[in-house]
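Undergrad: My structure is in input35.txt, and what it holds is compact mmCIF, C-alpha atoms and all ligand atoms:
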# COMPACT_ATOMS: atom_id res chain seq x y z
CA MET K 1 88.98 107.32 100.92
CA GLU K 2 90.60 104.93 103.34
CA ILE K 3 93.95 103.18 103.34
CA GLY K 4 93.13 99.54 104.05
CA HIS K 5 96.79 98.70 104.71
CA PHE K 6 96.88 101.15 107.64
CA ARG K 7 93.54 99.92 109.00
CA TRP K 8 94.85 96.34 108.87
CA LEU K 9 97.93 97.35 110.88
CA SER K 10 96.00 99.37 113.45
CA GLU K 11 93.28 96.75 113.97
CA HIS K 12 95.57 93.76 114.44
CA LYS K 13 98.14 93.06 117.08
CA ALA K 14 100.26 89.93 117.38
CA ASP K 15 103.13 88.62 119.53
CA LEU K 16 105.22 88.05 116.42
CA ASN K 17 104.92 91.21 114.33
CA ILE K 18 106.78 90.90 111.03
CA ALA K 19 104.50 93.36 109.21
CA SER K 20 106.78 96.40 109.32
CA SER K 21 108.93 97.21 106.30
CA GLY K 22 111.33 99.39 108.30
CA MET K 23 114.32 98.54 110.47
CA ILE K 24 114.49 98.04 114.24
CA PRO K 25 114.33 101.75 115.20
CA ILE K 26 117.26 103.54 116.71
CA SER K 27 116.93 106.28 119.32
CA ARG K 28 118.00 109.91 119.28
CA SER K 29 120.63 109.19 121.94
CA ASP K 30 122.10 106.48 119.65
CA ILE K 31 122.26 109.08 116.86
CA GLU K 32 123.99 111.58 119.15
CA GLN K 33 126.78 109.02 119.66
CA LEU K 34 127.46 108.98 115.92
CA GLY K 35 128.72 112.55 115.49
CA GLU K 36 127.88 116.22 115.25
CA PRO K 37 125.11 117.90 113.25
CA THR K 38 125.90 119.91 110.17
CA ASN K 39 123.99 121.61 107.32
CA ILE K 40 121.60 118.97 105.96
CA MET K 41 121.21 120.59 102.55
CA GLU K 42 124.97 120.41 102.00
CA VAL K 43 125.03 116.80 103.11
CA LEU K 44 122.21 115.90 100.71
CA SER K 45 123.80 117.91 97.92
CA ASN K 46 127.00 115.84 98.34
CA ILE K 47 125.25 112.49 98.56
CA TYR K 48 123.28 113.06 95.35
CA ASN K 49 125.77 115.37 93.64
CA ALA K 50 122.86 117.74 92.99
CA SER K 51 122.45 121.48 93.43
CA THR K 52 120.60 122.52 96.61
CA LYS K 53 118.00 124.05 94.24
CA ALA K 54 117.20 120.50 93.13
CA ILE K 55 116.52 119.40 96.71
CA SER K 56 113.92 120.16 99.36
CA LEU K 57 113.17 118.77 102.77
CA THR K 58 109.69 117.32 103.38
CA HIS K 59 107.84 115.81 106.33
CA GLY K 60 108.14 112.34 104.77
CA THR K 61 108.05 110.33 101.56
CA GLN K 62 104.27 110.34 101.27
CA GLU K 63 104.20 114.09 101.62
CA GLY K 64 106.86 114.28 98.90
CA ASN K 65 104.70 112.09 96.65
CA PHE K 66 101.63 114.22 97.37
CA ALA K 67 103.45 117.50 96.75
CA ALA K 68 105.12 116.28 93.55
CA LEU K 69 101.99 114.83 91.97
CA SER K 70 99.84 117.81 93.02
CA ALA K 71 102.47 120.14 91.58
CA ILE K 72 102.26 118.61 88.09
CA LYS K 73 98.50 118.00 88.12
CA SER K 74 97.76 120.59 85.46
CA MET K 75 100.66 119.42 83.26
CA ILE K 76 99.39 115.85 82.80
CA ASP K 77 96.30 114.02 81.56
CA GLN K 78 96.97 110.66 83.18
CA VAL K 79 99.04 108.84 85.77
CA VAL K 80 100.45 105.35 85.29
CA THR K 81 100.83 103.31 88.47
CA VAL K 82 101.76 99.65 88.88
CA VAL K 83 100.37 96.54 90.55
CA PRO K 84 101.46 95.37 93.03
CA GLU K 85 102.18 98.68 94.75
CA TYR K 86 102.13 100.40 98.14
CA GLU K 87 98.50 101.34 98.61
CA PRO K 88 98.88 105.13 99.19
CA ILE K 89 100.60 105.37 95.79
CA ARG K 90 97.72 103.54 94.11
CA ILE K 91 95.16 105.78 95.82
CA LEU K 92 96.74 109.21 95.33
CA PRO K 93 96.06 109.85 91.61
CA GLY K 94 92.33 109.16 91.98
CA PHE K 95 92.21 111.24 95.15
CA LEU K 96 93.64 114.17 93.16
CA GLY K 97 91.00 113.58 90.47
CA LEU K 98 93.53 112.35 87.92
CA LYS K 99 92.89 109.65 85.33
CA GLN K 100 94.85 106.55 86.29
CA VAL K 101 96.10 103.52 84.36
CA GLU K 102 97.33 100.55 86.40
CA VAL K 103 99.97 98.33 84.84
CA ASN K 104 100.85 94.83 85.97
CA VAL K 105 104.61 94.63 86.41
CA GLY K 106 104.94 90.90 86.86
CA ASN K 107 107.88 90.94 84.44
CA GLY K 108 109.71 93.84 86.06
CA LEU K 109 109.61 97.62 86.25
CA SER K 110 111.63 98.11 83.04
CA GLU K 111 108.39 97.50 81.11
CA LEU K 112 107.35 100.95 82.28
CA ILE K 113 109.27 102.50 79.41
CA ASN K 114 106.41 101.43 77.13
CA TYR K 115 104.02 103.63 79.08
CA VAL K 116 105.90 106.90 78.70
CA LYS K 117 103.48 109.06 76.71
CA PRO K 118 103.02 112.84 76.35
CA ARG K 119 101.32 114.52 79.33
CA THR K 120 101.66 111.37 81.40
CA ALA K 121 103.26 110.81 84.81
CA LEU K 122 104.71 107.46 85.82
CA PHE K 123 104.36 107.16 89.59
CA PHE K 124 105.84 104.09 91.28
CA SER K 125 108.04 102.83 94.09
CA ASN K 126 111.58 101.82 93.15
CA PRO K 127 112.38 99.30 94.60
CA ASN K 128 108.81 98.11 94.47
CA ASN K 129 106.93 97.61 97.71
CA PRO K 130 106.09 94.68 98.15
CA LEU K 131 108.14 92.72 95.58
CA GLY K 132 111.50 94.46 95.89
CA ALA K 133 112.00 94.45 92.09
CA TYR K 134 113.87 97.57 91.02
CA LEU K 135 115.23 99.66 88.20
CA SER K 136 119.00 100.12 88.09
CA ARG K 137 120.45 103.59 87.53
CA SER K 138 120.84 102.91 83.78
CA GLU K 139 117.27 101.60 83.50
CA ILE K 140 116.02 104.74 85.28
CA ARG K 141 118.11 106.79 82.85
CA ASP K 142 116.52 105.07 79.83
CA ILE K 143 113.02 105.80 81.12
CA ALA K 144 113.91 109.35 82.17
CA ASP K 145 115.40 110.06 78.70
CA GLU K 146 112.20 108.83 77.10
CA ALA K 147 110.16 110.99 79.54
CA ARG K 148 112.17 114.07 78.57
CA ARG K 149 111.67 113.35 74.87
CA LYS K 150 107.94 112.84 75.28
CA SER K 151 107.22 115.65 77.80
CA SER K 152 106.14 113.24 80.48
CA TYR K 153 107.20 112.97 84.12
CA LEU K 154 108.48 110.43 86.61
CA ILE K 155 107.66 110.48 90.31
CA ILE K 156 109.75 107.76 91.86
CA ASP K 157 109.10 106.85 95.49
CA SER K 158 112.65 105.94 96.41
CA ILE K 159 112.17 105.20 100.09
CA PHE K 160 113.85 101.78 99.68
CA LEU K 161 116.48 102.83 97.12
CA GLU K 162 119.39 102.93 99.52
CA PHE K 163 118.94 99.27 100.42
CA VAL K 164 119.84 98.27 96.85
CA MET K 165 121.99 101.18 95.61
CA ASP K 166 125.06 102.33 97.58
CA GLU K 167 126.10 105.16 95.29
CA LEU K 168 123.35 107.74 94.87
CA ARG K 169 125.25 110.38 92.91
CA ASN K 170 124.09 111.49 89.49
CA LEU K 171 120.57 110.11 89.33
CA PRO K 172 118.91 111.52 86.19
CA LEU K 173 116.91 114.53 87.36
CA GLU K 174 115.24 116.01 84.29
CA ASN K 175 111.41 115.67 84.38
CA THR K 176 111.86 113.50 87.47
CA VAL K 177 111.24 113.75 91.21
CA TYR K 178 112.64 111.18 93.68
CA THR K 179 111.07 111.05 97.13
CA PHE K 180 112.88 109.80 100.22
CA SER K 181 112.69 109.74 104.01
CA THR K 182 114.32 108.35 107.11
CA SER K 183 111.41 105.91 107.56
CA LYS K 184 113.12 102.74 106.27
CA PHE K 185 116.91 102.69 105.85
CA TYR K 186 117.31 105.02 108.84
CA THR K 187 114.28 104.12 110.99
CA VAL K 188 114.26 106.29 114.14
CA ASP K 189 111.90 105.71 117.08
CA SER K 190 110.79 109.32 117.60
CA PHE K 191 110.77 111.31 114.36
CA LYS K 192 111.01 111.14 110.62
CA ILE K 193 112.06 113.61 107.98
CA GLY K 194 111.91 113.37 104.21
CA TRP K 195 113.54 114.97 101.19
CA ILE K 196 112.88 115.22 97.50
CA ILE K 197 115.48 115.48 94.74
CA GLY K 198 114.79 116.21 91.10
CA ASP K 199 114.21 118.63 88.31
CA GLU K 200 114.71 122.12 89.78
CA GLU K 201 111.48 123.46 88.33
CA LEU K 202 109.43 120.52 89.62
CA ILE K 203 111.04 120.72 93.05
CA GLN K 204 110.12 124.42 93.29
CA LYS K 205 106.52 123.62 92.30
CA ALA K 206 106.39 120.85 94.94
CA VAL K 207 107.76 123.23 97.57
CA ASN K 208 104.92 125.62 96.73
CA VAL K 209 102.46 122.81 97.53
CA ILE K 210 104.21 122.05 100.83
CA ASP K 211 104.14 125.77 101.67
CA LEU K 212 100.39 125.71 101.10
CA VAL K 213 99.80 122.71 103.38
CA SER K 214 102.43 122.89 106.12
CA PRO K 215 105.44 125.19 105.74
CA LEU K 216 108.58 123.45 106.92
CA VAL K 217 109.92 124.12 110.42
CA MET K 218 112.20 121.19 111.03
CA GLY K 219 115.49 122.40 112.48
CA LEU K 220 115.59 119.68 115.13
CA GLU K 221 114.80 116.78 112.78
CA ALA K 222 117.16 118.21 110.19
CA SER K 223 120.06 118.36 112.61
CA TYR K 224 119.55 114.72 113.67
CA ALA K 225 119.12 113.70 110.04
CA SER K 226 122.36 115.45 109.11
CA ILE K 227 124.18 113.14 111.55
CA ILE K 228 122.33 110.11 110.21
CA LEU K 229 123.19 110.94 106.62
CA GLN K 230 126.88 111.41 107.42
CA ASN K 231 126.87 107.83 108.74
CA ARG K 232 125.34 105.98 105.83
CA ASP K 233 127.95 103.19 105.95
CA TRP K 234 127.29 102.62 109.64
CA PHE K 235 123.55 102.28 108.92
CA ARG K 236 124.22 99.96 105.97
CA ARG K 237 126.34 97.63 108.12
CA ARG K 238 123.78 97.68 110.92
CA ASN K 239 120.89 97.01 108.51
CA LEU K 240 122.69 94.12 106.83
CA GLY K 241 123.54 92.63 110.21
CA ILE K 242 119.81 92.39 110.95
CA ILE K 243 118.46 91.61 107.47
CA MET K 244 120.91 88.96 106.20
CA PRO K 245 120.47 86.27 108.90
CA ASN K 246 116.69 86.68 108.59
CA ARG K 247 116.83 86.47 104.81
CA GLU K 248 119.00 83.31 104.99
CA TYR K 249 116.58 81.70 107.40
CA LEU K 250 113.63 82.53 105.17
CA MET K 251 115.40 81.06 102.13
CA SER K 252 116.33 77.87 103.99
CA ILE K 253 112.72 77.40 105.12
CA SER K 254 111.53 78.08 101.59
CA GLU K 255 113.85 75.35 100.27
CA SER K 256 112.76 72.89 102.93
CA LEU K 257 109.14 73.41 101.87
CA GLY K 258 110.01 71.87 98.51
CA GLY K 259 108.24 74.24 96.15
CA LEU K 260 105.19 74.95 98.29
CA ILE K 261 106.10 78.64 98.42
CA ASN K 262 107.84 81.17 96.25
CA VAL K 263 109.83 84.02 97.81
CA SER K 264 110.38 87.28 95.95
CA TYR K 265 113.51 88.88 97.38
CA PHE K 266 116.09 91.37 96.06
CA ASN K 267 119.37 92.22 97.81
CA HIS K 268 119.46 93.85 100.40
CA MET K 269 115.83 94.77 100.90
CA PRO K 270 114.15 94.72 104.33
CA ILE K 271 111.05 93.01 102.89
CA ALA K 272 110.23 89.75 101.13
CA TYR K 273 107.04 88.66 99.45
CA ILE K 274 105.87 85.09 99.99
CA THR K 275 103.35 83.45 97.66
CA THR K 276 101.99 79.96 98.06
CA LYS K 277 101.72 77.44 95.26
CA CYS K 278 98.19 76.53 96.35
CA ASP K 279 95.00 78.41 95.85
CA VAL K 280 94.69 80.34 99.12
CA GLY K 281 93.70 84.01 99.15
CA SER K 282 96.04 86.54 100.76
CA LEU K 283 93.50 87.63 103.39
CA LYS K 284 92.75 84.05 104.35
CA LEU K 285 96.46 83.29 104.72
CA ALA K 286 97.13 86.48 106.71
CA ASN K 287 94.17 85.79 109.00
CA GLU K 288 95.28 82.18 109.60
CA LEU K 289 98.71 83.55 110.51
CA LEU K 290 97.12 86.08 112.86
CA ASN K 291 95.27 83.26 114.61
CA LYS K 292 98.67 81.70 115.27
CA GLY K 293 100.12 84.99 116.56
CA VAL K 294 101.95 86.27 113.44
CA LEU K 295 101.20 89.65 111.85
CA THR K 296 102.11 90.09 108.17
CA VAL K 297 100.57 92.30 105.44
CA PRO K 298 98.27 90.50 102.97
CA GLY K 299 98.96 91.04 99.27
CA TYR K 300 95.37 92.23 98.98
CA TYR K 301 96.48 95.69 100.18
CA PHE K 302 99.01 95.90 97.36
CA GLY K 303 96.44 94.89 94.74
CA ILE K 304 97.29 91.17 94.46
CA ASN K 305 95.47 88.27 95.93
CA ASN K 306 98.05 85.64 96.67
CA GLY K 307 100.64 85.87 99.39
CA VAL K 308 101.86 88.06 102.22
CA ARG K 309 104.64 90.59 102.71
CA VAL K 310 107.04 90.01 105.57
CA GLY K 311 109.59 92.40 107.07
CA LEU K 312 113.18 91.20 107.53
CA GLY K 313 114.59 94.24 109.30
CA SER K 314 112.17 95.21 112.01
CA VAL K 315 112.60 92.28 114.43
CA ASN K 316 115.52 90.36 115.91
CA HIS K 317 116.52 86.94 114.59
CA ASP K 318 114.82 85.01 117.37
CA THR K 319 111.42 86.65 116.73
CA PHE K 320 111.87 86.27 112.96
CA THR K 321 112.66 82.54 113.10
CA LYS K 322 109.70 81.88 115.39
CA ALA K 323 107.40 83.81 113.05
CA ILE K 324 108.68 82.10 109.88
CA ASN K 325 108.37 78.63 111.43
CA ILE K 326 104.70 79.43 112.04
CA VAL K 327 104.31 80.79 108.49
CA ALA K 328 105.77 77.52 107.15
CA ASN K 329 103.47 75.35 109.27
CA VAL K 330 100.36 77.37 108.41
CA ILE K 331 101.14 77.18 104.68
CA LYS K 332 101.83 73.42 104.93
CA GLY K 333 98.50 73.01 106.68
CA LEU K 334 96.57 75.06 104.12
CA CYS K 335 98.26 73.62 101.04
CA THR K 336 98.41 69.93 101.89
CA LYS K 337 94.81 69.49 103.03
C1 LIG Q 401 106.79 102.80 99.14
C2 LIG Q 401 106.56 103.58 100.40
N1 LIG Q 401 106.48 104.91 100.36
C3 LIG Q 401 106.27 105.64 101.46
C4 LIG Q 401 106.13 105.05 102.70
C5 LIG Q 401 105.91 105.91 103.90
O1 LIG Q 401 106.88 106.92 103.91
P1 LIG Q 401 106.89 108.11 104.98
O2 LIG Q 401 106.67 107.49 106.31
O3 LIG Q 401 108.26 108.68 104.84
O4 LIG Q 401 105.82 109.05 104.56
C6 LIG Q 401 106.22 103.66 102.81
C7 LIG Q 401 106.05 102.99 104.10
O5 LIG Q 401 105.93 101.79 104.19
C8 LIG Q 401 106.44 102.92 101.63
O6 LIG Q 401 106.53 101.58 101.67
For the structure just supplied, provide its representation as structure tokens.

TA:
Amino acid sequence: MEIGHFRWLSEHKADLNIASSGMIPISRSDIEQLGEPTNIMEVLSNIYNASTKAISLTHGTQEGNFAALSAIKSMIDQVVTVVPEYEPIRILPGFLGLKQVEVNVGNGLSELINYVKPRTALFFSNPNNPLGAYLSRSEIRDIADEARRKSSYLIIDSIFLEFVMDELRNLPLENTVYTFSTSKFYTVDSFKIGWIIGDEELIQKAVNVIDLVSPLVMGLEASYASIILQNRDWFRRRNLGIIMPNREYLMSISESLGGLINVSYFNHMPIAYITTKCDVGSLKLANELLNKGVLTVPGYYFGINNGVRVGLGSVNHDTFTKAINIVANVIKGLCTK
């Protein structure tokens, strides 16, 4: 078992790196300027309006996903995942020996409601990485209600949720686990910490898995994260200040290319997915870009074979515009031959 996405990132370096889906990291000393630490469980409990029994810390979102799916392994017969999707999510069910059904969500994640069946888990990122398409709170509620009725489960990788949803209170929790971390909305240069929120019984089962693998000792990370989480508006403003000019530039370039490319983008995500209107494979496009000094992530690693994912939040505007100008020229070259 290997994660091709990670190999791609570790094997390739470029002057213009727009492959990351996080934000320009901030440092611990920046965080210290923002305020004083407090009890992280209380902070999380307030943000989500959930009992502390419905919440646990984790070492990151992927660990949360692993713990949640492992915890319900014996309660399900199959896992439904989607394409395109973040590769570790697509790999995990098979790694745990679970039967997996992959669903194409070209028309949006709301289609998932048709796949809620007894003894089934739906496991997906919301918003979707790489497309950014997402389920609103009421759409999640519809699917969660159906899951409760049918004795099935939802594991929702919500690492990008805060980019599209300001108010996180009262997410439906029954039969559901949401996994989060500091890795995206709150990217820090020197640590990460995660948390899971959901059905109390499922959270306890997931905690048992974490206890088996690596019991939590994270006082330091938790105290920094408690400051971060008390400053969500500050992070939102900072993120938008980086993302929006880059997004506008990408859209203006897309328009100037007169239909040669299609950009999938949802407000206010730190990623966009670019497909070309000509028949060029994602690996070929990404490799051509690499030759010109631009690192992106080919769609291939998300299970689709046209296009590349670009990050809008992890580089400054100057680097982003240089990179996108090259992307535009490379696509023009490949598609107008
Ligand atoms: C959908 C998704 N989940 C999880 C992760 C990684 O999360 P963490 O670093 O918190 O384990 C990423 C990173 O890109 C991601 O895109």

Undergrad: Give as a list in words the set of residues within 7 Å of the point (114.6, 113.3, 103.9), where distances use the file's coordinates and all atoms listed in the file.

TA: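 Residues with an atom close enough to that point: Leu57, Thr58, Gly60, Phe180, Ser181, Thr182, Ile193, Gly194, Trp195 and Ile196 of chain K.
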
Undergrad: Excluding range 224-227 of chain K and residues on its chain fewer than 2 positions from it, collect all residues at most 7 Å away from it, counting only C-alpha atoms, and give them as a list of chain:residue names.

TA: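 My list of contacting residues is K:Ile31, K:Leu34, K:Gly35, K:Glu36, K:Pro37, K:Thr38, K:Asn39, K:Ile40, K:Val43, K:Leu220, K:Glu221, K:Ala222, K:Leu229, K:Gln230, K:Asn231.
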
Undergrad: What are the closest atom pairs, with distances in Å to one decimal, for all residues of chain K lying within 6 Å of ligand LIG 401 (chain Q)? Consider all atoms listed in the file, order rows by chain and residue number, and present the result as JSON lines.

TA:
{"residue": "K:Ser21", "atom": "CA", "partner": "Q:LIG401", "partner_atom": "O5", "distance": 5.9}
{"residue": "K:Gly60", "atom": "CA", "partner": "Q:LIG401", "partner_atom": "O3", "distance": 3.7}
{"residue": "K:Thr61", "atom": "CA", "partner": "Q:LIG401", "partner_atom": "O3", "distance": 3.7}
{"residue": "K:Gln62", "atom": "CA", "partner": "Q:LIG401", "partner_atom": "O4", "distance": 3.9}
{"residue": "K:Tyr86", "atom": "CA", "partner": "Q:LIG401", "partner_atom": "C1", "distance": 5.3}
{"residue": "K:Ser125", "atom": "CA", "partner": "Q:LIG401", "partner_atom": "C1", "distance": 5.2}
{"residue": "K:Asn129", "atom": "CA", "partner": "Q:LIG401", "partner_atom": "C1", "distance": 5.4}
{"residue": "K:Asp157", "atom": "CA", "partner": "Q:LIG401", "partner_atom": "N1", "distance": 5.9}
{"residue": "K:Ile159", "atom": "CA", "partner": "Q:LIG401", "partner_atom": "N1", "distance": 5.7}
{"residue": "K:Ser181", "atom": "CA", "partner": "Q:LIG401", "partner_atom": "O3", "distance": 4.6}
{"residue": "K:Ser183", "atom": "CA", "partner": "Q:LIG401", "partner_atom": "O3", "distance": 5.0}
{"residue": "K:Gly194", "atom": "CA", "partner": "Q:LIG401", "partner_atom": "O3", "distance": 6.0}

Undergrad: Please produce a file of those selected residues containing C-alpha atoms, as a JSON list (two decimals), in the coordinates of the input.

TA:
[["chain", "number", "residue", "atom", "x", "y", "z"],
["K", 21, "SER", "CA", 108.93, 97.21, 106.30],
["K", 60, "GLY", "CA", 108.14, 112.34, 104.77],
["K", 61, "THR", "CA", 108.05, 110.33, 101.56],
["K", 62, "GLN", "CA", 104.27, 110.34, 101.27],
["K", 86, "TYR", "CA", 102.13, 100.40, 98.14],
["K", 125, "SER", "CA", 108.04, 102.83, 94.09],
["K", 129, "ASN", "CA", 106.93, 97.61, 97.71],
["K", 157, "ASP", "CA", 109.10, 106.85, 95.49],
["K", 159, "ILE", "CA", 112.17, 105.20, 100.09],
["K", 181, "SER", "CA", 112.69, 109.74, 104.01],
["K", 183, "SER", "CA", 111.41, 105.91, 107.56],
["K", 194, "GLY", "CA", 111.91, 113.37, 104.21]]

Undergrad: Residues within 9 Å of Arg137 in chain K, please, as a ChimeraX atom specification. Count only C-alpha atoms; anything in the same chain fewer than 3 positions from it doesn't count.

TA: /K:140-142,165,168,170-172

Undergrad: Quote the spacing between CA of Asn262 in chain K and CA of Phe6 in chain K in Å to one decimal place.

TA: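 Distance between the two atoms: 25.5 Å.
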
Undergrad: Given the choices K:Val103, K:Val330, K:Val294, K:Ile197, which gets closest to Val80 in chain K if the distance is worked out from only C-alpha atoms?

TA: K:Val103

Undergrad: Using CA of Glu248 in chain K and CA of Ala14 in chain K as the two end points, give the distance in Å to one decimal.

TA: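 Separation of CA of Glu248 in chain K and CA of Ala14 in chain K: 23.4 Å.
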
Undergrad: Have a look at K:Gly64, K:Gly259, K:Gly219, K:Gly313 and name the one nearest to Asn246 in chain K; count only C-alpha atoms.

TA: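 When distances to Asn246 in chain K are compared using only C-alpha atoms, the smallest one comes from K:Gly313.
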
Undergrad: Given the choices K:Leu69, K:Met1, K:Ala286, K:Leu44, which gets closest to Ala206 in chain K if the distance is worked out from all atoms listed in the file?

TA: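 Once distances to Ala206 in chain K are computed over all atoms listed in the file, the minimum belongs to K:Leu69.
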
Undergrad: Return the single residue from K:Leu98, K:Ile91, K:Ile261, K:Leu312 that is closest to Met75 in chain K, with distances computed using only C-alpha atoms.

TA: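 Ranking K:Leu98, K:Ile91, K:Ile261, K:Leu312 by distance to Met75 in chain K, first place goes to K:Leu98.
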
Undergrad: Take CA of Phe124 in chain K and CA of Ala144 in chain K and report the distance between them in Å, one decimal.

TA: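 For CA of Phe124 in chain K relative to CA of Ala144 in chain K, the distance reads 13.3 Å.
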
Undergrad: Of the candidates K:Ser158, K:Asn107, K:Asn46, K:Thr296, which shows the shortest atom-to-atom distance to Ala19 in chain K, using all atoms listed in the file?

TA: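 Answer, going by the shortest atom-to-atom distance: K:Thr296.
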
Undergrad: What lies within 10 Å of Ile326 in chain K using all atoms listed in the file, ignoring chain neighbours under 4 positions off, as JSON, numbers by chain?

TA: {"K": [16, 289, 292, 293, 294, 320, 321, 322, 330, 331, 332]}

Undergrad: Write range 20-33 of chain K as a short mmCIF file (atom, residue, chain, number, x, y, z; two decimals), in the frame of the given file, completed to N, CA and C atoms.

TA:
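In the end it all went to result-v8.cif:
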data_model
loop_
_atom_site.label_atom_id
_atom_site.label_comp_id
_atom_site.auth_asym_id
_atom_site.auth_seq_id
_atom_site.Cartn_x
_atom_site.Cartn_y
_atom_site.Cartn_z
N SER K 20 106.15 95.11 109.64
CA SER K 20 106.78 96.40 109.32
C SER K 20 107.85 96.24 108.24
N SER K 21 107.92 97.25 107.37
CA SER K 21 108.93 97.21 106.30
C SER K 21 110.14 98.08 106.65
N GLY K 22 110.18 98.59 107.88
CA GLY K 22 111.33 99.39 108.30
C GLY K 22 112.37 98.54 109.00
N MET K 23 113.29 99.22 109.69
CA MET K 23 114.32 98.54 110.47
C MET K 23 113.96 98.64 111.96
N ILE K 24 114.63 97.85 112.80
CA ILE K 24 114.49 98.04 114.24
C ILE K 24 114.91 99.49 114.50
N PRO K 25 114.02 100.30 115.11
CA PRO K 25 114.33 101.75 115.20
C PRO K 25 115.53 102.02 116.09
N ILE K 26 116.23 103.10 115.78
CA ILE K 26 117.26 103.54 116.71
C ILE K 26 116.78 104.83 117.40
N SER K 27 117.41 105.15 118.52
CA SER K 27 116.93 106.28 119.32
C SER K 27 117.76 107.53 119.02
N ARG K 28 117.25 108.67 119.49
CA ARG K 28 118.00 109.91 119.28
C ARG K 28 119.33 109.87 120.03
N SER K 29 119.35 109.21 121.22
CA SER K 29 120.63 109.19 121.94
C SER K 29 121.65 108.32 121.18
N ASP K 30 121.17 107.27 120.50
CA ASP K 30 122.10 106.48 119.65
C ASP K 30 122.67 107.37 118.55
N ILE K 31 121.80 108.22 117.97
CA ILE K 31 122.26 109.08 116.86
C ILE K 31 123.30 110.07 117.39
N GLU K 32 123.05 110.59 118.59
CA GLU K 32 123.99 111.58 119.15
C GLU K 32 125.40 111.00 119.29
N GLN K 33 125.46 109.66 119.51
CA GLN K 33 126.78 109.02 119.66
C GLN K 33 127.55 108.99 118.33
#
